[in-house]
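Student: Here it is, the structure, as structure tokens.
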Amino acid sequence: MTIENQTVNPKKMMRYMNTESLRAFIPFLGLILILAIFGIATNGKFTSAKNLQVILNQAISVMIAGLGVSFVISIGSLDFSHGSLVAFSAALGALVMGATNNPVLCFLTIIAVAAGTGLINGVLFTAFRIPSFILTMSILFMYRGLTIVVCSGGTIPIPLWMDVLDTLEVKLAVLVVVLLVFNYIYTFTKFGLYCRSIGSGEVAAKFAGVPVDKIKIMVFVISGFLAGVTACIMLVRSGGVSTRFATFLETDILTALVLGGMPLTGGSSARMKSIVIGAFMLMALKNGLLLVGASDKILQLLMGVLFLIAVAISFDRKNIVAIK
Amino acid sequence: MKKRVVSSVIIALLLSTMMVGCAPKASEQSSQTQASSTAAPEAGTAAPAASTAAPEADSEKTIGLVIWGTTGAAALQEIDLLTKAAKITGIKVEVLASGYNADAQLKDVENFAAKGVDGIMICNCSEEVVAKTADICEENKIYFGQFHRSLSKAEIKDRVYSSKYFVGNTSEDEEGTAYILGKTIADMGIKNVAITTGPHGDSTAEGRYAGLKKAFDEFGVKVLAEQWDVSSGETAATAAQNFISSNKDLELIATMFSVEAIKAVNTTINNAGKKGKIKVAAQDTTGDAAFDLELLSSGEAIMAGGHLVDPLFTYMMLVNAINGTPLSDKPIECRLTQIVFTPERAEIYFKEMEQGNTLLGYGDEDFKKMFKKTNPGFTSDELVKMAAAWSVEDFQARNTK
Amino acid sequence: MRREVTLSCKNIKKAFGATLAVENVSFEIRGGQIRGLIGENGSGKTTLVSMLAGILKCDEGSMEKDGMQCSLANVIDANKKGISMIVQEMCTIDGLTIAQNIFFGHEKSFSKYGILNLAKMNSVAKELLEKYGIPDVDPAADITSLSFEQRKLTEFVKALYTNPDVLIVDETTTALSQHGRELLFKIMHEFKQQGKPVIFITHDLPELFEHCDSVTVMRDGKIVGTYDIQELSENKIKALMVGREFEDGGKYYREDLESTYEDEVVLKVEGLSKPGAFQDINFELHKGEILGIGGLTNCGMHDLGKSLFGMEKAESGKVTYYMNKKTIEVTTARKAIANKIAYVSKNRDQESLMLTSSIMDNIALPGIDQLSTATFVSPGKKYKYAIQNSKQLSIKMHNVKQMVMHLSGGNKQKVAISKWLANGSEIFILDCPTRGIDISVKAAVYKLMQEFKTQGRSVIMISEELLELIGMSDRIIMMKQGKISGLAERGKDISEEYLLNYMI
């Protein structure tokens, strides 16, 4: 009779715990390092409250949109459509604003368009089993095309007075509400448990009674909804929509997620806090490098290198499941 | 458990620094240092000590340049000119080009402000960006101005012009020059042309197109085809190929946006075997002086340009304002006329006024003249006159000494 | 041309994780003979021949061919060394032509300086196909243009064209028509005449007797013995397959010898059919009963289990549950779970457990509705829920937040079962519940099943292990090729041979 099969190998346990907690810790460490290094290098200017405000302001769009993507990642998929989705929604919103001069209608339009696209994504994903990466990339290209068509006459402006909404207080309030609500959903509700379960073992989740297809659709709607919120914020900030509105947002989101330690294969180790830390780190890096006088070409190079390092560290090679 | 405690502490610190940042904007510098020293324990005593040195006391003043890109010939030439001017004025120029969209440009402005520059000059992608820039600069007490751009929307113009930190802008009469270019083309007897220009909504692209079209309509030149949003070599080459293959009677391609497009179009024409048969027109120079000269002398190209000195004027507006000796208490509007090159003008221009990365149109003497520290009597009117006078003839006049 | 070829292996061992598939096996075959290899599911015979054919590597032990040490890197290497195998499943590759399939892995013999001579490949393929009785086929056609049987025959060609010295046939005959089988036997006998050995795995005893010279019997990963065909009879083989000794069996199965269950029917299955899996299934499950369902791997019982749980839709027939005075037709897994029906899959890592989730999350998932109050699921509540329910089966773990994938097979199964206990399930459908787990956990599972009986819970136990079925069931349903072939009541007379008769 062999009893050793029942006890857990303690040595293996220690090793596993160390790499797991190390991975979770690295974003924090990275953040402290960034604050420290740039803080010293700029004689405290980097860590001044004013500068941190600037960084936060720039990070908020990525945080909110990235929160939606975090949900998609937690079910083991990917949403790569945000840049164009935000642009197109904002474009339609600006048009509505121009036609009705009603900001509420404008924002509602934006969120409806974005969430609606999320719904379409979800349905296509579950009904036709198109891999999420390909599906959302197609949306990325299509919607950018649509945006160019809509904006072909130039920038679609919104009235100047809407500028008053573009304050850090308002954005921070929105961020906090969004964070609280969606973190609650992810951590403390059965919906959140369902998401993590699908990401961790979709078949087993189905066998345990999780309505997998329904949850997947809802996740994409969430991603779309938050993209819409982001579009509202970015529209107010930019004062109008041009063909190049929000380009590379999806790339920024992905970089931020990786920097923040989000495992791209999702599952139960996905955490909502990754995007918050990651987005802040991303903007802090750009800001910090400028403050110390690095040229923007070095910036690009550095971002690329950091991305690779972050992926290498956070990628859990043992639990690789292809992104569905 | 320990790990939990440490992570909670760090999150708390992160949040608190963010919250501190949201305190009323008139926060003293001492509160800033408190937040920074707790957030970066390794910084030790360095942070508090350094913060007592207020940034305004720095002797090094800087101006932030927000431009469309840093890899094209035009950008490099302009930056080089400003660098030379900086040697005289002592105020350095830093460059950011995060992208040609509103969000990216605003980020650049914000980051410059956070860094603590003394002035910002921007080639804005949309007029709304300038409105936002005004907000940011007022909050941070930074002087700002535009180059290669002006404002046309009433609401925005009111807002920006009313800011006491707005020094003014420099721009070219794109439409006017394009009109002259168009007329020149018509005078050459050319009847069939194709046009490429930049994106809709871009004032340069729109202005140049409008001027050309007006001249063509007036003087009976037929526009066989046109392509918008051509702002790179590749798109220009593709457009040119399409033009050539679908229009047998084509005599000239006017590529009115992007410096790279000029060479690309020229190469495409040559490859199609139409060298000399189809001409090129542009409102920029390529930066390759030898190339430009050859093309202009042989008559293969008709160009207008020489507006790369534009930023210099805005720069001088800023520099004088920063030093506490502004040229005017109202925004200054400088207008440049672009040079329409005849073979004679081309000869002088490319041999003596533009070579590679260096613009020789203005030299140290001129810089000293525009700088109030070395020339206390300089006025805004004189600046405007200087800009308006810019031409090959003016250059010759200034340099025959 | 006659040549004595010998193949032997010594002290071979192969384990998959915690399961020992082949243990200390020494095997020898000499010269021209057809050696039958027979054993129950899980006896290790497929694992053994996989190692002989180069598909798997042995953990310990050595192999010899013609007196020389021989170690195989992979299947192609085995082919080169003269060993070929034809398997039971489809082994041709879609998207390639017939010729490409035949010469798969051996393309080098048709290429010069890296360029493949397709014409030559095709013409050689044509010759071979005709030689082996598959004329009128264009070797340049895609393999998918052939019928199932023709594709199998192509595999013959592939296995044979290298003129191997040893041929291994793994349960291939079940998939073939009469013509195919005759062709195969013809080939096997040719080998014998050439002095080359053939290893023939089959469940079909008449076939075994007709063609084999000797038979090796395996059980539980070990070789029971090798016998001349004259020494054997069908009954004797069956007895050897299941073994006389019960070993530890008696200690952990039920001790009573009578079926004990209530009259109340909790599940009624009528005319259930799913083409390709099972047909016309009719039975009833009573309260407090352990109903065993047994058969060979492909008899359809595993799909049946899934259909009963609502995971796979049957095409016709009815599945009706009678619980708490309600009549319930279960159409989805969600409905089943809500009605306190549980399903433990035989495919543990894929269908029972979310490996990268914590033990806590796995246990809490089916019963999550009980834990949430107005959308809020208190982590404290979830934690306590998990701890309580892991105690019942004494899951050995570091803490409930640990990832399931780090547990041993036995503990994983405990988690898989615990989550249903936690949900308060009344009817349990267990598919191979003790597969791949060690003896002490097995005992715990059996003990649990007995407790269920006294608690009035009902169990359907689908299993490929005869001893288990006999040891634990009140009644046993035997299935063969998708249909119910027999029904037995618990009693002294039920033996493995009795059951096997209905299953094979």
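We label chains A, B, ... in the order they appear in the structure tokens, count residues from 1 in each chain, and number ligands from 1 in the order shown.
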Which residues are close to segment 35-37 of chain C, i.e. within 10 Å by only C-alpha atoms, leaving aside same-chain residues fewer than 2 positions away? Reply as a PyMOL selection string.

Tutor: chain C and resi 29-30+32-33+39+45-46+49+168-171+197-203+205+207-209+211-218+223+226-229

Student: If you run DSSP on this backbone, which residues of segment 20-263 of chain A come out as alpha helix (DSSP H), and could you give them as a PyMOL selection string?

Tutor: chain A and resi 20-41+49-74+82-100+103-128+132-150+168-188+190-200+202-207+212-238+249-259

Student: List the spatial neighbours of Gly54 of chain C as an MDAnalysis selection string - criterion: any atom at most 8 Å away, only C-alpha atoms, same-chain residues fewer than 5 positions off excluded.

Tutor: chainID C and resid 72:78

Student: Could you pull the residues within 10 Å of Asp493 of chain C, counting only C-alpha atoms, minus those fewer than 5 positions along the same chain, as a ChimeraX atom specification?

Tutor: /C:257,488,498

Student: For those residues, write all heavy atoms to a file as a short mmCIF file (atom, residue, chain, number, x, y, z; two decimals), in the first residue's frame.

Tutor:
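Printed below is part.cif as written:
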data_model
loop_
_atom_site.label_atom_id
_atom_site.label_comp_id
_atom_site.auth_asym_id
_atom_site.auth_seq_id
_atom_site.Cartn_x
_atom_site.Cartn_y
_atom_site.Cartn_z
N LEU C 257 -23.89 -9.95 0.47
CA LEU C 257 -23.98 -10.58 -0.83
C LEU C 257 -25.37 -10.47 -1.43
O LEU C 257 -25.73 -11.21 -2.31
CB LEU C 257 -23.58 -12.05 -0.71
CG LEU C 257 -22.08 -12.25 -0.51
CD1 LEU C 257 -21.77 -13.70 -0.25
CD2 LEU C 257 -21.31 -11.78 -1.74
N ALA C 488 -27.61 -8.45 -14.21
CA ALA C 488 -27.33 -9.42 -13.15
C ALA C 488 -27.65 -8.84 -11.80
O ALA C 488 -27.44 -7.66 -11.55
CB ALA C 488 -25.86 -9.82 -13.22
N TYR C 498 -18.64 -14.74 -15.90
CA TYR C 498 -20.04 -14.56 -16.22
C TYR C 498 -20.26 -13.21 -16.90
O TYR C 498 -20.91 -13.12 -17.93
CB TYR C 498 -20.86 -14.64 -14.92
CG TYR C 498 -22.33 -14.44 -15.11
CD1 TYR C 498 -23.13 -15.45 -15.61
CD2 TYR C 498 -22.93 -13.22 -14.77
CE1 TYR C 498 -24.50 -15.27 -15.78
CE2 TYR C 498 -24.29 -13.02 -14.94
CZ TYR C 498 -25.07 -14.05 -15.44
OH TYR C 498 -26.42 -13.85 -15.62
#

Student: Using only C-alpha atoms, which of the listed residues (A:Pro103, A:Gly192, A:Pro27, A:Gly228) sits closest to chain C?

Tutor: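 Smallest distance to chain C is found for A:Gly192.
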
Student: I'd like the contact shell of Lys126 of chain C - 10 Å cut-off, only C-alpha atoms, skipping same-chain residues fewer than 5 positions apart - returned as a list in words.

Tutor: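 The contact residues come out as Ile98, Ala99, Lys120, Met121, Lys131, Ile134, Pro135, Asp136, Val137, Asp138, Pro139 and Ala140 of chain C.
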
Student: Please list as number ranges by chain every residue within 9 Å of Thr268 of chain B, counting only C-alpha atoms and excluding residues in the same chain fewer than 5 positions away.

Tutor: B: 237-238, 240-241, 263, 273-274

Student: Could you list the residues in chain A lying within 7 Å of chain B, using only C-alpha atoms, and format the result as a PyMOL selection string?

Tutor: chain A and resi 32+35-36+40+43-44+47-54+152-155+238-239+244-245+287+291+296

Student: To one decimal in Å, tell me the separation between atom CA of Val229 of chain A and atom CA of Ala94 of chain A.

Tutor: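 For atom CA of Val229 of chain A relative to atom CA of Ala94 of chain A, the distance reads 14.0 Å.
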
Student: So which residues touch Met360 of chain C within 12 Å, counting only C-alpha atoms, skipping near sequence neighbours fewer than 3 positions away, as a short mmCIF file (atom, residue, chain, number, x, y, z; two decimals) with C-alpha atoms, in the first residue's frame?

Tutor:
data_model
loop_
_atom_site.label_atom_id
_atom_site.label_comp_id
_atom_site.auth_asym_id
_atom_site.auth_seq_id
_atom_site.Cartn_x
_atom_site.Cartn_y
_atom_site.Cartn_z
CA LEU A 193 -16.26 32.76 -10.20
CA SER A 197 -13.66 28.86 -13.97
CA SER A 268 -8.07 32.01 -11.96
CA LEU C 353 -11.60 19.58 -12.45
CA MET C 354 -10.40 23.04 -13.33
CA LEU C 355 -6.75 22.41 -12.84
CA THR C 356 -5.50 25.93 -12.45
CA SER C 357 -8.26 26.93 -10.08
CA ILE C 363 -15.57 22.59 -4.63
CA ALA C 364 -17.71 25.70 -4.47
CA LEU C 365 -18.66 25.87 -8.13
CA PRO C 366 -21.67 23.57 -8.45
CA GLY C 367 -23.27 24.80 -5.28
CA ILE C 368 -22.41 28.45 -5.75
CA PRO C 379 -15.09 34.76 0.60
CA GLY C 380 -15.22 33.72 4.21
CA LYS C 381 -18.32 31.67 3.59
CA LYS C 382 -16.78 30.11 0.50
CA TYR C 383 -13.65 29.27 2.46
CA LYS C 384 -15.56 27.61 5.26
CA TYR C 385 -17.71 25.73 2.77
CA ALA C 386 -14.62 24.35 1.08
CA ILE C 387 -12.92 23.39 4.33
CA GLN C 388 -15.96 21.61 5.66
CA ASN C 389 -16.48 19.66 2.51
CA SER C 390 -12.89 18.68 2.09
CA ILE C 395 -8.33 15.61 1.19
CA MET C 397 -3.59 19.42 0.82
CA HIS C 398 -1.65 22.41 2.00
CA ASN C 399 -4.71 24.62 2.13
CA VAL C 400 -7.90 25.05 0.11
CA LYS C 401 -6.42 27.93 -1.86
CA GLN C 402 -3.93 25.60 -3.50
CA MET C 403 -4.28 24.83 -7.19
CA VAL C 404 -5.83 21.47 -7.89
CA VAL C 415 -12.00 17.00 -4.82
CA ALA C 416 -14.08 15.92 -7.81
CA SER C 418 -16.39 16.50 -2.69
CA LYS C 419 -17.91 19.19 -4.82
CA ALA C 422 -21.03 19.83 -0.97
#

Student: Give me, as a PDB file with N, CA, C and O atoms, in the first residue's frame, the residues of chain C touching chain A, with the criterion being at most 8 Å (counting only C-alpha atoms).

Tutor:
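Okay, selection-v9.pdb is ready:
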ATOM      1  N   ALA C  18       0.948   8.569 -11.294  1.00  0.00           N
ATOM      2  CA  ALA C  18       0.893   7.677 -10.143  1.00  0.00           C
ATOM      3  C   ALA C  18       0.524   6.247 -10.547  1.00  0.00           C
ATOM      4  O   ALA C  18       0.595   5.331  -9.736  1.00  0.00           O
ATOM      5  N   MET C 311     -25.498  16.194 -20.381  1.00  0.00           N
ATOM      6  CA  MET C 311     -24.384  16.821 -21.082  1.00  0.00           C
ATOM      7  C   MET C 311     -24.371  16.497 -22.573  1.00  0.00           C
ATOM      8  O   MET C 311     -23.830  17.238 -23.363  1.00  0.00           O
ATOM      9  N   ALA C 333     -27.021  20.101 -18.184  1.00  0.00           N
ATOM     10  CA  ALA C 333     -26.265  19.812 -16.973  1.00  0.00           C
ATOM     11  C   ALA C 333     -26.702  20.725 -15.843  1.00  0.00           C
ATOM     12  O   ALA C 333     -26.812  20.331 -14.685  1.00  0.00           O
ATOM     13  N   ARG C 334     -26.986  21.983 -16.218  1.00  0.00           N
ATOM     14  CA  ARG C 334     -27.390  22.945 -15.199  1.00  0.00           C
ATOM     15  C   ARG C 334     -28.646  22.474 -14.476  1.00  0.00           C
ATOM     16  O   ARG C 334     -28.773  22.589 -13.260  1.00  0.00           O
ATOM     17  N   LYS C 335     -29.567  21.942 -15.251  1.00  0.00           N
ATOM     18  CA  LYS C 335     -30.817  21.490 -14.651  1.00  0.00           C
ATOM     19  C   LYS C 335     -30.535  20.286 -13.754  1.00  0.00           C
ATOM     20  O   LYS C 335     -31.097  20.169 -12.672  1.00  0.00           O
ATOM     21  N   ILE C 337     -27.815  19.577 -12.172  1.00  0.00           N
ATOM     22  CA  ILE C 337     -27.166  19.984 -10.933  1.00  0.00           C
ATOM     23  C   ILE C 337     -28.164  20.630  -9.980  1.00  0.00           C
ATOM     24  O   ILE C 337     -28.155  20.381  -8.769  1.00  0.00           O
ATOM     25  N   TYR C 343     -22.328  14.176 -11.369  1.00  0.00           N
ATOM     26  CA  TYR C 343     -21.638  13.380 -12.391  1.00  0.00           C
ATOM     27  C   TYR C 343     -20.140  13.489 -12.187  1.00  0.00           C
ATOM     28  O   TYR C 343     -19.578  14.584 -12.194  1.00  0.00           O
ATOM     29  N   GLN C 350      -9.918  16.778 -17.445  1.00  0.00           N
ATOM     30  CA  GLN C 350     -10.564  17.698 -18.374  1.00  0.00           C
ATOM     31  C   GLN C 350     -11.966  18.052 -17.967  1.00  0.00           C
ATOM     32  O   GLN C 350     -12.405  19.179 -18.119  1.00  0.00           O
ATOM     33  N   GLU C 351     -12.696  17.039 -17.459  1.00  0.00           N
ATOM     34  CA  GLU C 351     -14.121  17.250 -17.255  1.00  0.00           C
ATOM     35  C   GLU C 351     -14.538  17.378 -15.816  1.00  0.00           C
ATOM     36  O   GLU C 351     -15.622  17.881 -15.531  1.00  0.00           O
ATOM     37  N   SER C 352     -13.722  16.936 -14.889  1.00  0.00           N
ATOM     38  CA  SER C 352     -14.143  17.030 -13.498  1.00  0.00           C
ATOM     39  C   SER C 352     -13.530  18.196 -12.772  1.00  0.00           C
ATOM     40  O   SER C 352     -14.078  18.698 -11.805  1.00  0.00           O
ATOM     41  N   LEU C 353     -12.335  18.590 -13.223  1.00  0.00           N
ATOM     42  CA  LEU C 353     -11.598  19.577 -12.449  1.00  0.00           C
ATOM     43  C   LEU C 353     -11.071  20.708 -13.298  1.00  0.00           C
ATOM     44  O   LEU C 353     -10.673  20.516 -14.429  1.00  0.00           O
ATOM     45  N   MET C 354     -11.067  21.909 -12.703  1.00  0.00           N
ATOM     46  CA  MET C 354     -10.399  23.039 -13.331  1.00  0.00           C
ATOM     47  C   MET C 354      -9.029  23.115 -12.694  1.00  0.00           C
ATOM     48  O   MET C 354      -8.887  23.584 -11.564  1.00  0.00           O
ATOM     49  N   LEU C 355      -8.041  22.641 -13.456  1.00  0.00           N
ATOM     50  CA  LEU C 355      -6.747  22.407 -12.836  1.00  0.00           C
ATOM     51  C   LEU C 355      -6.056  23.638 -12.285  1.00  0.00           C
ATOM     52  O   LEU C 355      -5.373  23.573 -11.279  1.00  0.00           O
ATOM     53  N   THR C 356      -6.219  24.772 -12.977  1.00  0.00           N
ATOM     54  CA  THR C 356      -5.502  25.934 -12.451  1.00  0.00           C
ATOM     55  C   THR C 356      -6.354  26.775 -11.521  1.00  0.00           C
ATOM     56  O   THR C 356      -5.992  27.885 -11.163  1.00  0.00           O
ATOM     57  N   SER C 357      -7.487  26.236 -11.124  1.00  0.00           N
ATOM     58  CA  SER C 357      -8.259  26.926 -10.085  1.00  0.00           C
ATOM     59  C   SER C 357      -7.929  26.287  -8.750  1.00  0.00           C
ATOM     60  O   SER C 357      -7.403  25.186  -8.678  1.00  0.00           O
ATOM     61  N   SER C 358      -8.308  26.985  -7.681  1.00  0.00           N
ATOM     62  CA  SER C 358      -8.012  26.450  -6.355  1.00  0.00           C
ATOM     63  C   SER C 358      -8.980  25.328  -6.003  1.00  0.00           C
ATOM     64  O   SER C 358     -10.029  25.171  -6.617  1.00  0.00           O
ATOM     65  N   ASP C 361     -12.294  26.877  -5.148  1.00  0.00           N
ATOM     66  CA  ASP C 361     -13.150  27.253  -6.278  1.00  0.00           C
ATOM     67  C   ASP C 361     -13.784  26.034  -6.920  1.00  0.00           C
ATOM     68  O   ASP C 361     -14.932  26.068  -7.341  1.00  0.00           O
ATOM     69  N   LEU C 365     -17.981  25.521  -6.875  1.00  0.00           N
ATOM     70  CA  LEU C 365     -18.657  25.872  -8.128  1.00  0.00           C
ATOM     71  C   LEU C 365     -20.060  25.330  -8.332  1.00  0.00           C
ATOM     72  O   LEU C 365     -20.968  26.094  -8.623  1.00  0.00           O
ATOM     73  N   PRO C 366     -20.307  24.018  -8.172  1.00  0.00           N
ATOM     74  CA  PRO C 366     -21.671  23.566  -8.446  1.00  0.00           C
ATOM     75  C   PRO C 366     -22.689  24.162  -7.500  1.00  0.00           C
ATOM     76  O   PRO C 366     -23.819  24.436  -7.873  1.00  0.00           O
ATOM     77  N   ILE C 368     -22.658  27.031  -5.994  1.00  0.00           N
ATOM     78  CA  ILE C 368     -22.410  28.449  -5.749  1.00  0.00           C
ATOM     79  C   ILE C 368     -23.677  29.231  -5.430  1.00  0.00           C
ATOM     80  O   ILE C 368     -23.647  30.218  -4.694  1.00  0.00           O
ATOM     81  N   ASP C 369     -24.786  28.776  -5.964  1.00  0.00           N
ATOM     82  CA  ASP C 369     -26.030  29.503  -5.689  1.00  0.00           C
ATOM     83  C   ASP C 369     -26.356  29.522  -4.208  1.00  0.00           C
ATOM     84  O   ASP C 369     -26.913  30.473  -3.687  1.00  0.00           O
ATOM     85  N   SER C 372     -24.387  32.398  -2.460  1.00  0.00           N
ATOM     86  CA  SER C 372     -24.490  33.824  -2.767  1.00  0.00           C
ATOM     87  C   SER C 372     -25.792  34.400  -2.272  1.00  0.00           C
ATOM     88  O   SER C 372     -26.860  33.837  -2.468  1.00  0.00           O
ATOM     89  N   THR C 375     -26.253  38.427  -4.933  1.00  0.00           N
ATOM     90  CA  THR C 375     -25.010  38.474  -5.735  1.00  0.00           C
ATOM     91  C   THR C 375     -23.729  38.411  -4.932  1.00  0.00           C
ATOM     92  O   THR C 375     -22.674  38.161  -5.463  1.00  0.00           O
ATOM     93  N   PHE C 376     -23.806  38.651  -3.630  1.00  0.00           N
ATOM     94  CA  PHE C 376     -22.564  38.671  -2.883  1.00  0.00           C
ATOM     95  C   PHE C 376     -22.159  37.274  -2.422  1.00  0.00           C
ATOM     96  O   PHE C 376     -22.925  36.581  -1.759  1.00  0.00           O
ATOM     97  N   VAL C 377     -20.977  36.862  -2.792  1.00  0.00           N
ATOM     98  CA  VAL C 377     -20.455  35.594  -2.310  1.00  0.00           C
ATOM     99  C   VAL C 377     -19.349  35.913  -1.330  1.00  0.00           C
ATOM    100  O   VAL C 377     -18.270  36.351  -1.721  1.00  0.00           O
ATOM    101  N   SER C 378     -19.619  35.703  -0.079  1.00  0.00           N
ATOM    102  CA  SER C 378     -18.617  36.058   0.921  1.00  0.00           C
ATOM    103  C   SER C 378     -17.443  35.101   0.827  1.00  0.00           C
ATOM    104  O   SER C 378     -17.612  33.895   0.888  1.00  0.00           O
ATOM    105  N   PRO C 379     -16.245  35.637   0.683  1.00  0.00           N
ATOM    106  CA  PRO C 379     -15.087  34.755   0.597  1.00  0.00           C
ATOM    107  C   PRO C 379     -14.921  33.913   1.852  1.00  0.00           C
ATOM    108  O   PRO C 379     -14.482  32.771   1.791  1.00  0.00           O
ATOM    109  N   LYS C 396      -5.903  15.501   1.267  1.00  0.00           N
ATOM    110  CA  LYS C 396      -4.606  15.908   1.765  1.00  0.00           C
ATOM    111  C   LYS C 396      -4.104  17.083   0.929  1.00  0.00           C
ATOM    112  O   LYS C 396      -3.815  16.963  -0.243  1.00  0.00           O
ATOM    113  N   MET C 397      -4.029  18.249   1.583  1.00  0.00           N
ATOM    114  CA  MET C 397      -3.595  19.421   0.822  1.00  0.00           C
ATOM    115  C   MET C 397      -2.926  20.393   1.754  1.00  0.00           C
ATOM    116  O   MET C 397      -3.002  20.247   2.969  1.00  0.00           O
ATOM    117  N   HIS C 398      -2.300  21.398   1.188  1.00  0.00           N
ATOM    118  CA  HIS C 398      -1.647  22.411   2.000  1.00  0.00           C
ATOM    119  C   HIS C 398      -2.693  23.368   2.565  1.00  0.00           C
ATOM    120  O   HIS C 398      -2.717  23.660   3.752  1.00  0.00           O
ATOM    121  N   HIS C 406      -1.792  20.489  -8.464  1.00  0.00           N
ATOM    122  CA  HIS C 406      -0.648  19.995  -7.712  1.00  0.00           C
ATOM    123  C   HIS C 406      -0.972  18.791  -6.840  1.00  0.00           C
ATOM    124  O   HIS C 406      -0.123  18.293  -6.125  1.00  0.00           O
ATOM    125  N   LEU C 407      -2.232  18.360  -6.887  1.00  0.00           N
ATOM    126  CA  LEU C 407      -2.606  17.229  -6.042  1.00  0.00           C
ATOM    127  C   LEU C 407      -2.314  15.916  -6.747  1.00  0.00           C
ATOM    128  O   LEU C 407      -2.219  15.847  -7.965  1.00  0.00           O
ATOM    129  N   SER C 408      -2.242  14.852  -5.977  1.00  0.00           N
ATOM    130  CA  SER C 408      -2.080  13.525  -6.559  1.00  0.00           C
ATOM    131  C   SER C 408      -3.424  13.085  -7.137  1.00  0.00           C
ATOM    132  O   SER C 408      -4.464  13.658  -6.839  1.00  0.00           O
ATOM    133  N   GLY C 409      -3.362  12.025  -7.940  1.00  0.00           N
ATOM    134  CA  GLY C 409      -4.582  11.544  -8.590  1.00  0.00           C
ATOM    135  C   GLY C 409      -5.688  11.239  -7.613  1.00  0.00           C
ATOM    136  O   GLY C 409      -6.851  11.605  -7.820  1.00  0.00           O
ATOM    137  N   GLY C 410      -5.336  10.596  -6.528  1.00  0.00           N
ATOM    138  CA  GLY C 410      -6.346  10.222  -5.543  1.00  0.00           C
ATOM    139  C   GLY C 410      -7.009  11.428  -4.925  1.00  0.00           C
ATOM    140  O   GLY C 410      -8.228  11.498  -4.777  1.00  0.00           O
ATOM    141  N   ASN C 411      -6.199  12.410  -4.579  1.00  0.00           N
ATOM    142  CA  ASN C 411      -6.756  13.611  -3.974  1.00  0.00           C
ATOM    143  C   ASN C 411      -7.571  14.407  -4.959  1.00  0.00           C
ATOM    144  O   ASN C 411      -8.564  15.031  -4.596  1.00  0.00           O
ATOM    145  N   ASP C 438      -4.871   5.304  -6.003  1.00  0.00           N
ATOM    146  CA  ASP C 438      -4.298   4.195  -5.256  1.00  0.00           C
ATOM    147  C   ASP C 438      -5.310   3.547  -4.327  1.00  0.00           C
ATOM    148  O   ASP C 438      -6.433   4.029  -4.152  1.00  0.00           O
ATOM    149  N   ILE C 439      -4.870   2.502  -3.735  1.00  0.00           N
ATOM    150  CA  ILE C 439      -5.792   1.616  -3.008  1.00  0.00           C
ATOM    151  C   ILE C 439      -6.497   2.265  -1.840  1.00  0.00           C
ATOM    152  O   ILE C 439      -7.690   2.068  -1.627  1.00  0.00           O
ATOM    153  N   SER C 440      -5.792   3.063  -1.065  1.00  0.00           N
ATOM    154  CA  SER C 440      -6.462   3.614   0.114  1.00  0.00           C
ATOM    155  C   SER C 440      -7.556   4.598  -0.276  1.00  0.00           C
ATOM    156  O   SER C 440      -8.610   4.650   0.352  1.00  0.00           O
TER     157      SER C 440
END

Student: Between B:Ala264, B:Ala387, B:Cys123, B:Val109, single out the one closest to Ser232 of chain B, counting only C-alpha atoms.

Tutor: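 Nearest candidate to Ser232 of chain B out of B:Ala264, B:Ala387, B:Cys123, B:Val109: B:Ala264.
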